[in-house]
Amino acid sequence: MNLPHIHRIVLLFLLFSPSITYAVKEDLAPENSTGLQKNIISSEYNSLVVTANPHATKAGLHILKQGGTAADAAVAIQAMLTLVEPQSSGIGGGAFLLYWDQTTEKLVAFDGRETAPLAANPQLFYRNKKPMRWVDALVGGRSVGTPGVLKMLELTQSKYGKRPWKTLFNDAINRSKEGFKISPRLHKLIASGINPGLNRYPEAREYFYLKDGSPLPTGFLRKNPALADSLELIAQQGSSVFYQGTISTKIVSQVQNGTDNPGLLSTADLKQYKAIERAPICLPYQAYKVCGFPPPTSGGVTVLQILKLLEHTNYSALAPDSSTAKHLFTQASRLAFADRGRYLADSDFVDVPVSGLLNENYIQQRAQLINPSKDIGTLAPGRPQGVNTAWQDDQSPELPSTSHFVVVDQWGNAASMTSSIEMAFGSTLMAGGFLLNNQLTDFSFTPEKQGRLIANRVQPGKRPRSSMSPFMIFDSEGKLYAAVGSPGGSRIISYVAESLLMMLNTELPLQQAINTPHVSNRNGITELEAETAATQLVEPLSQMGHEIKIRDLNSGLHAFRRTDNGKWESGVDNRREGLALGQ
């Protein structure tokens, strides 16, 4: 299915107009909407798996049935997603994982974000002394960061897994050999041309298109023997073969030999890569403790800011789908996104004032800017405690293509993991049967503005800022209550914040909370989800001064929540092809 004519014109204008280098970050979604599906609701289970693809959900549940933990299941799920949802995530990308260990009652944040090559400099995305157009940077080796998801999963599984590592890849290996049928969503994304470079390089062109140049049709049986070979090596040798062995050689060769846009990634970058164990960031909200991921993702801080800002309004007393409640949500979002654009980056390289941004006095001060009946317009960032540098606002055309899944096992261990290769189909370079990311375009293309440095500028070994927002929620007794996350570029923050508000402020079933029509404001226009009840807000929000745009808001929210009898219910976003299964 091709994009509608007018959509294709807008897409081409955004991608190729030299005068709007960064406009794409506001107007182009990371993955096109491909229609709604009917959810199969799973509830009342002792263990549960919710992913974006039925094959991945079945692979995760298979591991749980074999006595595996949530950490074991996460490995199997990501391996399968690499095959069946290649446009969104894979072992050629990165991820953030929140993991709850029930035995120790400890929540850990595992950082598998990509890193910039050691040979990179702040002008990585400059050409002829000017910032490159986003479309010129996207495709090819220049945008590829050191993949981190596999090293992160290995670290997590070594600490919290029960099954042998080599057994976790069997389903994905067998499916790669036997083939999987191209889903309607994958076909439509190939056909849409959303990634302008998908047919540029021979490996991806031969993999995603027929010999006559047409996109793989729905139902086509796609086998991937190269991925099967890679996964077999990883199963037997661990991540070392990926970071120091034959697979690393393939990755570097592809990146450096992309003659039209070669990259700097080297074998040294892969060899020195380390996944990082970080402390999650948690704050009270209502009767709960809400926990997210710290920098280098901006998701945790920004979502928590939105929730805390709304505590200083009458939001909780309003019907959550009312125009007043949605107005307040957009105003809190404006404030949080203003701070995000200036201060959030890799905290291993720059001083990120996390404590200051979440300080109660600072939140209260910022909340005073909210007008309960009028849109306050584009806002400047605040000045929280801990700001020691006069940063300038970020200049990053952020378009993550992403997948989120949640798992809870029979012992109560749980994973909430968001995984990404950035734009749909990433850099479009393939190595060993999988796509390589283009995550480095999440950095600011310019290192400074008006003589002031940008926190999210390119630096050697640095991790680009992300919007990925895996979350876990705990009740007043400290027991695990829920987990949620989503794909969707910088709108991930809006989707997850909305869902948390619906989950914690209403009595709605979880599935209904996940399906709530989206409203988003990233300190600019207010976006309302097309063909949903959100469009009924046009008139009342316009009267409050909002500039409105109706558009597809293509989330992929996946969640679980504990029911009153201690079992688990699922939430599966009906905007994608997800499935929940339990036992």
# chains A, B, ... in the order shown; residues from 1 in each chain; ligands from 1
call {"tool": "residues_around", "arguments": {"residues": "Ala235 in chain A", "least_positions_apart": "5", "cutoff": "7 Å", "atoms": "only C-alpha atoms", "output": "PDB file with N, CA and C atoms, in the first residue's frame"}}
result
ATOM      1  N   TRP A 165      22.112 -19.996  28.415  1.00  0.00           N
ATOM      2  CA  TRP A 165      22.100 -18.962  27.372  1.00  0.00           C
ATOM      3  C   TRP A 165      21.828 -19.555  25.994  1.00  0.00           C
ATOM      4  N   LYS A 166      22.470 -20.681  25.681  1.00  0.00           N
ATOM      5  CA  LYS A 166      22.381 -21.239  24.330  1.00  0.00           C
ATOM      6  C   LYS A 166      20.979 -21.708  23.979  1.00  0.00           C
ATOM      7  N   PHE A 169      17.840 -18.999  22.133  1.00  0.00           N
ATOM      8  CA  PHE A 169      17.771 -18.547  20.743  1.00  0.00           C
ATOM      9  C   PHE A 169      17.120 -19.577  19.821  1.00  0.00           C
TER      10      PHE A 169
END
call {"tool": "residues_around", "arguments": {"residues": "Pro470 in chain A", "least_positions_apart": "3", "cutoff": "9 Å", "atoms": "only C-alpha atoms", "output": "ChimeraX atom specification"}}
result
/A:96-98,291-293,299-300,404,416-418,483-486,496
call {"tool": "residues_around", "arguments": {"residues": "His62 in chain A", "least_positions_apart": "4", "cutoff": "12 Å", "atoms": "only C-alpha atoms", "output": "NGL selection string"}}
result
:A and (47-49 or 55-58 or 66-70 or 72-77 or 163 or 167-172 or 409 or 581-583)
call {"tool": "closest_residue", "arguments": {"among": "A:Ile363, A:Ala559, A:Ala317, A:Ala120", "to": "Phe405 in chain A", "atoms": "only C-alpha atoms"}}
result
A:Ala559
call {"tool": "residues_around", "arguments": {"residues": "Ile190 in chain A", "least_positions_apart": "6", "cutoff": "8 Å", "atoms": "only C-alpha atoms", "output": "list of chain:residue names"}}
result
A:Leu198, A:Phe208, A:Pro215, A:Leu216
call {"tool": "write_last_selection", "arguments": {"atoms": "N, CA and C atoms", "output": "PDB file, in the first residue's frame"}}
result
ATOM      1  N   LEU A 198      15.904   2.285   1.752  1.00  0.00           N
ATOM      2  CA  LEU A 198      15.741   0.849   1.952  1.00  0.00           C
ATOM      3  C   LEU A 198      16.157   0.027   0.742  1.00  0.00           C
ATOM      4  N   PHE A 208      14.115  -7.224   1.257  1.00  0.00           N
ATOM      5  CA  PHE A 208      12.797  -6.627   1.458  1.00  0.00           C
ATOM      6  C   PHE A 208      11.991  -6.444   0.172  1.00  0.00           C
ATOM      7  N   PRO A 215       7.701  -4.409  -3.305  1.00  0.00           N
ATOM      8  CA  PRO A 215       7.890  -4.788  -1.900  1.00  0.00           C
ATOM      9  C   PRO A 215       7.351  -6.180  -1.628  1.00  0.00           C
ATOM     10  N   LEU A 216       7.953  -6.870  -0.674  1.00  0.00           N
ATOM     11  CA  LEU A 216       7.462  -8.198  -0.322  1.00  0.00           C
ATOM     12  C   LEU A 216       5.984  -8.126   0.029  1.00  0.00           C
TER      13      LEU A 216
END
call {"tool": "residues_around", "arguments": {"residues": "range 335-351 of chain A", "least_positions_apart": "6", "cutoff": "7 Å", "atoms": "only C-alpha atoms", "output": "list of chain:residue names"}}
result
A:Pro295, A:Pro296, A:Ser298, A:Thr302, A:Gln305, A:Ile306, A:Leu379, A:Ala380, A:Pro381, A:Gly382, A:Trp391, A:Gln392, A:Asp393, A:Asp394, A:Ala455, A:Asn456, A:Lys462, A:Arg463, A:Pro464, A:Arg465, A:Arg522, A:Asn523
call {"tool": "closest_residue", "arguments": {"among": "A:Gln543, A:Asn121, A:Ser253, A:Ser230", "to": "Ile91 in chain A", "atoms": "only C-alpha atoms"}}
result
A:Ser230
call {"tool": "residues_around", "arguments": {"residues": "Tyr207 in chain A", "least_positions_apart": "5", "cutoff": "10 Å", "atoms": "only C-alpha atoms", "output": "PyMOL selection string"}}
result
chain A and resi 198-199+202+215-216+222-224+430+433
call {"tool": "closest_residue", "arguments": {"among": "A:Ile473, A:Met502, A:Gly488, A:Ser373", "to": "Arg562 in chain A", "atoms": "only C-alpha atoms"}}
result
A:Ile473
call {"tool": "atom_distance", "arguments": {"atom1": "CA of Glu277 in chain A", "atom2": "CA of Tyr99 in chain A"}}
result
10.5 Å
call {"tool": "atom_distance", "arguments": {"atom1": "CA of Glu232 in chain A", "atom2": "CA of Ala275 in chain A"}}
result
21.9 Å
call {"tool": "select_by_dssp", "arguments": {"residues": "range 310-385 of chain A", "states": "alpha helix (DSSP H)", "output": "ChimeraX atom specification"}}
result
/A:310,323-343,354-357,360-367
call {"tool": "closest_residue", "arguments": {"among": "A:Gly238, A:Leu501, A:Lys181, A:Asp136", "to": "Leu307 in chain A", "atoms": "only C-alpha atoms"}}
result
A:Leu501
call {"tool": "residues_around", "arguments": {"residues": "Pro284 in chain A", "least_positions_apart": "4", "cutoff": "10 Å", "atoms": "only C-alpha atoms", "output": "short mmCIF file (atom, residue, chain, number, x, y, z; two decimals) with C-alpha atoms, in the first residue's frame"}}
result
data_model
loop_
_atom_site.label_atom_id
_atom_site.label_comp_id
_atom_site.auth_asym_id
_atom_site.auth_seq_id
_atom_site.Cartn_x
_atom_site.Cartn_y
_atom_site.Cartn_z
CA TYR A 288 2.10 4.75 44.02
CA LYS A 289 5.82 4.85 43.37
CA VAL A 290 6.49 5.41 39.67
CA CYS A 291 9.92 4.41 38.35
CA LEU A 304 7.90 12.14 35.83
CA LEU A 307 3.02 13.68 36.38
CA LYS A 308 4.37 15.87 39.18
CA ILE A 473 4.90 1.13 39.11
CA PHE A 474 4.79 -0.08 42.71
CA ASP A 475 1.96 0.11 45.22
CA SER A 476 2.05 1.69 48.67
#
call {"tool": "closest_residue", "arguments": {"among": "A:Ser420, A:Gln331, A:Ser444, A:Thr402", "to": "Asn371 in chain A", "atoms": "only C-alpha atoms"}}
result
A:Gln331
call {"tool": "atom_distance", "arguments": {"atom1": "CA of Glu507 in chain A", "atom2": "CA of Asp321 in chain A"}}
result
13.3 Å
call {"tool": "closest_residue", "arguments": {"among": "A:Ala497, A:Ile421, A:Leu227, A:Leu210", "to": "Leu309 in chain A", "atoms": "only C-alpha atoms"}}
result
A:Ala497
call {"tool": "select_by_dssp", "arguments": {"residues": "range 98-283 of chain A", "states": "strand (DSSP E or B)", "output": "ChimeraX atom specification"}}
result
/A:98-101,106-112,115,126-127,130-131,146,180-181,209,215,221-222,276-278,281-283
call {"tool": "write_last_selection", "arguments": {"atoms": "N, CA and C atoms", "output": "PDB file, in the first residue's frame"}}
result
ATOM      1  N   LEU A  98      14.272  -2.014  32.282  1.00  0.00           N
ATOM      2  CA  LEU A  98      14.020  -2.009  33.723  1.00  0.00           C
ATOM      3  C   LEU A  98      13.739  -3.437  34.153  1.00  0.00           C
ATOM      4  N   TYR A  99      14.462  -3.902  35.173  1.00  0.00           N
ATOM      5  CA  TYR A  99      14.282  -5.288  35.622  1.00  0.00           C
ATOM      6  C   TYR A  99      14.013  -5.329  37.118  1.00  0.00           C
ATOM      7  N   TRP A 100      12.924  -6.008  37.470  1.00  0.00           N
ATOM      8  CA  TRP A 100      12.547  -6.182  38.869  1.00  0.00           C
ATOM      9  C   TRP A 100      12.876  -7.608  39.299  1.00  0.00           C
ATOM     10  N   ASP A 101      13.761  -7.716  40.304  1.00  0.00           N
ATOM     11  CA  ASP A 101      14.104  -9.015  40.873  1.00  0.00           C
ATOM     12  C   ASP A 101      13.304  -9.204  42.156  1.00  0.00           C
ATOM     13  N   LYS A 106      14.549  -5.714  44.255  1.00  0.00           N
ATOM     14  CA  LYS A 106      15.412  -4.659  43.729  1.00  0.00           C
ATOM     15  C   LYS A 106      15.057  -4.365  42.286  1.00  0.00           C
ATOM     16  N   LEU A 107      14.952  -3.085  41.953  1.00  0.00           N
ATOM     17  CA  LEU A 107      14.733  -2.638  40.583  1.00  0.00           C
ATOM     18  C   LEU A 107      16.040  -2.096  40.025  1.00  0.00           C
ATOM     19  N   VAL A 108      16.426  -2.584  38.843  1.00  0.00           N
ATOM     20  CA  VAL A 108      17.687  -2.201  38.216  1.00  0.00           C
ATOM     21  C   VAL A 108      17.410  -1.689  36.804  1.00  0.00           C
ATOM     22  N   ALA A 109      18.164  -0.682  36.390  1.00  0.00           N
ATOM     23  CA  ALA A 109      18.059  -0.130  35.042  1.00  0.00           C
ATOM     24  C   ALA A 109      19.295  -0.539  34.245  1.00  0.00           C
ATOM     25  N   PHE A 110      19.104  -1.328  33.200  1.00  0.00           N
ATOM     26  CA  PHE A 110      20.205  -1.790  32.352  1.00  0.00           C
ATOM     27  C   PHE A 110      20.221  -0.970  31.060  1.00  0.00           C
ATOM     28  N   ASP A 111      21.351  -0.323  30.811  1.00  0.00           N
ATOM     29  CA  ASP A 111      21.524   0.596  29.690  1.00  0.00           C
ATOM     30  C   ASP A 111      22.282  -0.099  28.568  1.00  0.00           C
ATOM     31  N   GLY A 112      21.583  -0.348  27.457  1.00  0.00           N
ATOM     32  CA  GLY A 112      22.208  -0.920  26.272  1.00  0.00           C
ATOM     33  C   GLY A 112      22.142   0.037  25.095  1.00  0.00           C
ATOM     34  N   THR A 115      26.666   3.696  21.301  1.00  0.00           N
ATOM     35  CA  THR A 115      27.659   4.737  21.567  1.00  0.00           C
ATOM     36  C   THR A 115      28.245   5.254  20.255  1.00  0.00           C
ATOM     37  N   TYR A 126      28.397  17.072   9.717  1.00  0.00           N
ATOM     38  CA  TYR A 126      28.668  18.257   8.902  1.00  0.00           C
ATOM     39  C   TYR A 126      29.192  17.816   7.539  1.00  0.00           C
ATOM     40  N   ARG A 127      28.834  18.585   6.535  1.00  0.00           N
ATOM     41  CA  ARG A 127      29.378  18.396   5.197  1.00  0.00           C
ATOM     42  C   ARG A 127      29.553  19.777   4.588  1.00  0.00           C
ATOM     43  N   LYS A 130      28.738  22.673   6.923  1.00  0.00           N
ATOM     44  CA  LYS A 130      27.349  22.929   7.288  1.00  0.00           C
ATOM     45  C   LYS A 130      26.711  21.634   7.777  1.00  0.00           C
ATOM     46  N   PRO A 131      25.715  21.726   8.679  1.00  0.00           N
ATOM     47  CA  PRO A 131      25.004  20.517   9.106  1.00  0.00           C
ATOM     48  C   PRO A 131      24.337  19.838   7.911  1.00  0.00           C
ATOM     49  N   THR A 146      27.584   1.981  17.947  1.00  0.00           N
ATOM     50  CA  THR A 146      27.926   0.646  18.433  1.00  0.00           C
ATOM     51  C   THR A 146      26.693  -0.005  19.039  1.00  0.00           C
ATOM     52  N   PHE A 180       9.196 -16.830   8.061  1.00  0.00           N
ATOM     53  CA  PHE A 180       7.999 -16.251   8.653  1.00  0.00           C
ATOM     54  C   PHE A 180       7.243 -15.516   7.555  1.00  0.00           C
ATOM     55  N   LYS A 181       5.928 -15.419   7.712  1.00  0.00           N
ATOM     56  CA  LYS A 181       5.111 -14.743   6.715  1.00  0.00           C
ATOM     57  C   LYS A 181       5.124 -13.237   6.949  1.00  0.00           C
ATOM     58  N   TYR A 209      12.591  -6.740  -0.994  1.00  0.00           N
ATOM     59  CA  TYR A 209      11.888  -6.546  -2.258  1.00  0.00           C
ATOM     60  C   TYR A 209      11.995  -7.805  -3.114  1.00  0.00           C
ATOM     61  N   PRO A 215       7.701  -4.409  -3.305  1.00  0.00           N
ATOM     62  CA  PRO A 215       7.890  -4.788  -1.900  1.00  0.00           C
ATOM     63  C   PRO A 215       7.351  -6.180  -1.628  1.00  0.00           C
ATOM     64  N   LEU A 221       6.668 -15.842   2.395  1.00  0.00           N
ATOM     65  CA  LEU A 221       7.487 -16.575   3.361  1.00  0.00           C
ATOM     66  C   LEU A 221       8.939 -16.127   3.232  1.00  0.00           C
ATOM     67  N   ARG A 222       9.391 -15.351   4.190  1.00  0.00           N
ATOM     68  CA  ARG A 222      10.756 -14.825   4.161  1.00  0.00           C
ATOM     69  C   ARG A 222      11.641 -15.651   5.093  1.00  0.00           C
ATOM     70  N   ILE A 276      25.672  -0.803  30.819  1.00  0.00           N
ATOM     71  CA  ILE A 276      25.815  -0.137  32.119  1.00  0.00           C
ATOM     72  C   ILE A 276      24.608  -0.422  33.004  1.00  0.00           C
ATOM     73  N   GLU A 277      24.882  -0.744  34.250  1.00  0.00           N
ATOM     74  CA  GLU A 277      23.830  -0.923  35.244  1.00  0.00           C
ATOM     75  C   GLU A 277      23.648   0.401  35.978  1.00  0.00           C
ATOM     76  N   ARG A 278      22.465   0.987  35.868  1.00  0.00           N
ATOM     77  CA  ARG A 278      22.200   2.300  36.452  1.00  0.00           C
ATOM     78  C   ARG A 278      21.096   2.203  37.505  1.00  0.00           C
ATOM     79  N   ILE A 281      15.095   6.030  38.367  1.00  0.00           N
ATOM     80  CA  ILE A 281      14.610   7.224  39.057  1.00  0.00           C
ATOM     81  C   ILE A 281      13.144   7.008  39.407  1.00  0.00           C
ATOM     82  N   CYS A 282      12.800   7.231  40.673  1.00  0.00           N
ATOM     83  CA  CYS A 282      11.459   6.946  41.184  1.00  0.00           C
ATOM     84  C   CYS A 282      10.921   8.142  41.962  1.00  0.00           C
ATOM     85  N   LEU A 283       9.641   8.392  41.802  1.00  0.00           N
ATOM     86  CA  LEU A 283       8.962   9.446  42.552  1.00  0.00           C
ATOM     87  C   LEU A 283       7.577   8.956  42.960  1.00  0.00           C
TER      88      LEU A 283
END
call {"tool": "decode", "arguments": {"residues": "range 411-423 of chain A", "atoms": "N, CA and C atoms", "output": "mmCIF file, in the first residue's frame"}}
result
data_model
loop_
_atom_site.group_PDB
_atom_site.id
_atom_site.type_symbol
_atom_site.label_atom_id
_atom_site.label_comp_id
_atom_site.auth_asym_id
_atom_site.auth_seq_id
_atom_site.Cartn_x
_atom_site.Cartn_y
_atom_site.Cartn_z
ATOM 1 N N TRP A 411 7.597 -16.233 39.274
ATOM 2 C CA TRP A 411 8.128 -15.827 40.578
ATOM 3 C C TRP A 411 7.873 -14.355 40.880
ATOM 4 N N GLY A 412 7.359 -13.616 39.898
ATOM 5 C CA GLY A 412 7.120 -12.195 40.083
ATOM 6 C C GLY A 412 8.241 -11.308 39.603
ATOM 7 N N ASN A 413 9.304 -11.904 38.995
ATOM 8 C CA ASN A 413 10.330 -11.089 38.342
ATOM 9 C C ASN A 413 9.735 -10.477 37.081
ATOM 10 N N ALA A 414 10.202 -9.296 36.707
ATOM 11 C CA ALA A 414 9.568 -8.615 35.575
ATOM 12 C C ALA A 414 10.564 -7.804 34.773
ATOM 13 N N ALA A 415 10.249 -7.653 33.491
ATOM 14 C CA ALA A 415 11.057 -6.842 32.579
ATOM 15 C C ALA A 415 10.148 -5.873 31.847
ATOM 16 N N SER A 416 10.595 -4.631 31.738
ATOM 17 C CA SER A 416 9.952 -3.621 30.902
ATOM 18 C C SER A 416 11.054 -3.059 30.015
ATOM 19 N N MET A 417 11.031 -3.415 28.727
ATOM 20 C CA MET A 417 12.168 -3.130 27.850
ATOM 21 C C MET A 417 11.719 -2.436 26.577
ATOM 22 N N THR A 418 12.389 -1.323 26.268
ATOM 23 C CA THR A 418 12.180 -0.607 25.017
ATOM 24 C C THR A 418 13.434 -0.742 24.177
ATOM 25 N N SER A 419 13.267 -1.193 22.938
ATOM 26 C CA SER A 419 14.379 -1.516 22.058
ATOM 27 C C SER A 419 14.195 -0.789 20.734
ATOM 28 N N SER A 420 15.312 -0.367 20.110
ATOM 29 C CA SER A 420 15.182 0.524 18.958
ATOM 30 C C SER A 420 16.342 0.395 17.989
ATOM 31 N N ILE A 421 16.059 0.674 16.697
ATOM 32 C CA ILE A 421 17.126 0.910 15.724
ATOM 33 C C ILE A 421 17.028 2.319 15.138
ATOM 34 N N GLU A 422 16.212 3.173 15.710
ATOM 35 C CA GLU A 422 15.945 4.569 15.363
ATOM 36 C C GLU A 422 14.923 4.659 14.245
ATOM 37 N N MET A 423 15.233 5.190 13.084
ATOM 38 C CA MET A 423 14.243 5.314 12.010
ATOM 39 C C MET A 423 13.787 3.928 11.548
#
